[in-house]
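Working notes for the structure below.
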Amino acid sequence: MWAYRDYGEGIREVIREGVDRPTAVRMLIEIGHKKWNLQQSLRFLQEGKLSVWKAAEMSGMNLWDFLNVLRKENIPWVEFDPKEMLQSTNLIL
């Protein structure tokens with residue numbers, strides 16, 4: 001009963017929407033799991049452990065939605081050295 005005692009109000013709110021208790025608990029766990037995956041994928045991206053594509057995949061989001069989250073959270077995802085960028089543009093010219 002720890003889940004009900006600690007998160008009882010949240011569960012009751014979902015139940016008021018017409019959902020039975022087991023379904024309410026499953027829904028809240030799923031929401032928490034999705035949030036956890038997103039937080040982990042953002043952290044791994046920022047630590048350089050995942051590419052943007054892999055981080056989006058880990059979060060369960062498509063790439064475009066994940067990029068929107070990065071934009072909204074002001075998280076840089078393109079890292080480049082200005083000198084390298086200049087050299088690569090000189091190669092093209």
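By order of appearance in the structure tokens: chains A, B, ..., then residues from 1 within every chain, and ligands from 1 in the order shown.
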List the neighbours of stretch 76-78 of chain A out to 10 Å using only C-alpha atoms; skip same-chain residues closer than 2 positions along the sequence, and give me the result as a VMD selection string. chain A and resid 42 45 to 46 48 51 to 52 67 70 to 71 73 to 74 80
Written selection (N, CA and C atoms) as a compact mmCIF listing (two decimals), in the first residue's frame:
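Wrote it out as out14.txt, contents follow:
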```txt
# COMPACT_ATOMS: atom_id res chain seq x y z
N LEU A 42 18.40 12.97 -22.27
CA LEU A 42 18.94 14.34 -22.29
C LEU A 42 20.30 14.39 -21.58
N LEU A 45 22.93 12.63 -23.73
CA LEU A 45 23.27 13.49 -24.86
C LEU A 45 24.24 14.58 -24.42
N GLN A 46 23.92 15.25 -23.32
CA GLN A 46 24.77 16.33 -22.83
C GLN A 46 26.15 15.85 -22.40
N GLY A 48 27.66 13.51 -23.90
CA GLY A 48 28.33 13.01 -25.09
C GLY A 48 28.32 11.50 -25.21
N SER A 51 24.37 9.99 -29.38
CA SER A 51 24.11 10.94 -30.46
C SER A 51 22.68 11.45 -30.31
N VAL A 52 22.36 12.49 -31.03
CA VAL A 52 20.99 13.03 -30.98
C VAL A 52 20.00 11.95 -31.41
N LEU A 67 14.10 17.02 -31.07
CA LEU A 67 14.79 18.29 -31.36
C LEU A 67 14.00 19.48 -30.83
N LEU A 70 14.79 19.74 -27.20
CA LEU A 70 16.11 20.35 -27.02
C LEU A 70 16.04 21.87 -27.20
N ARG A 71 15.28 22.29 -28.21
CA ARG A 71 15.15 23.73 -28.46
C ARG A 71 14.44 24.41 -27.29
N GLU A 73 14.19 23.44 -24.21
CA GLU A 73 15.01 23.37 -23.00
C GLU A 73 16.35 24.10 -23.15
N ASN A 74 16.56 24.67 -24.34
CA ASN A 74 17.79 25.40 -24.64
C ASN A 74 19.03 24.53 -24.43
N PHE A 80 30.67 21.89 -32.47
CA PHE A 80 31.73 21.91 -33.47
C PHE A 80 32.79 22.90 -33.04
```
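Using only C-alpha atoms, the smallest distance between any of A:Arg12, A:Lys49, A:Arg26, A:Lys35 and A:Met61 comes from A:Lys35.
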Selection near A:Gly60, 8 Å with only C-alpha atoms, sequence-local residues under 3 positions removed, as a list in words: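 Answer for this query is Lys34, Asn37, Leu38, Ala56 and Glu57 of chain A.
Computed from the coordinates, the atom CA of A:Ile11 to atom CA of A:Val25 distance equals 6.4 Å.
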What separation in Å, quoted to one decimal, exists between atom CA of A:Gln40 and atom CA of A:Tyr7? 22.8 Å
Using DSSP on the backbone coordinates, identify all residues within chain A classified as helix (DSSP H, G or I); present the result as a ChimeraX atom specification. /A:2-16,21-46,52-59,63-72,82-92
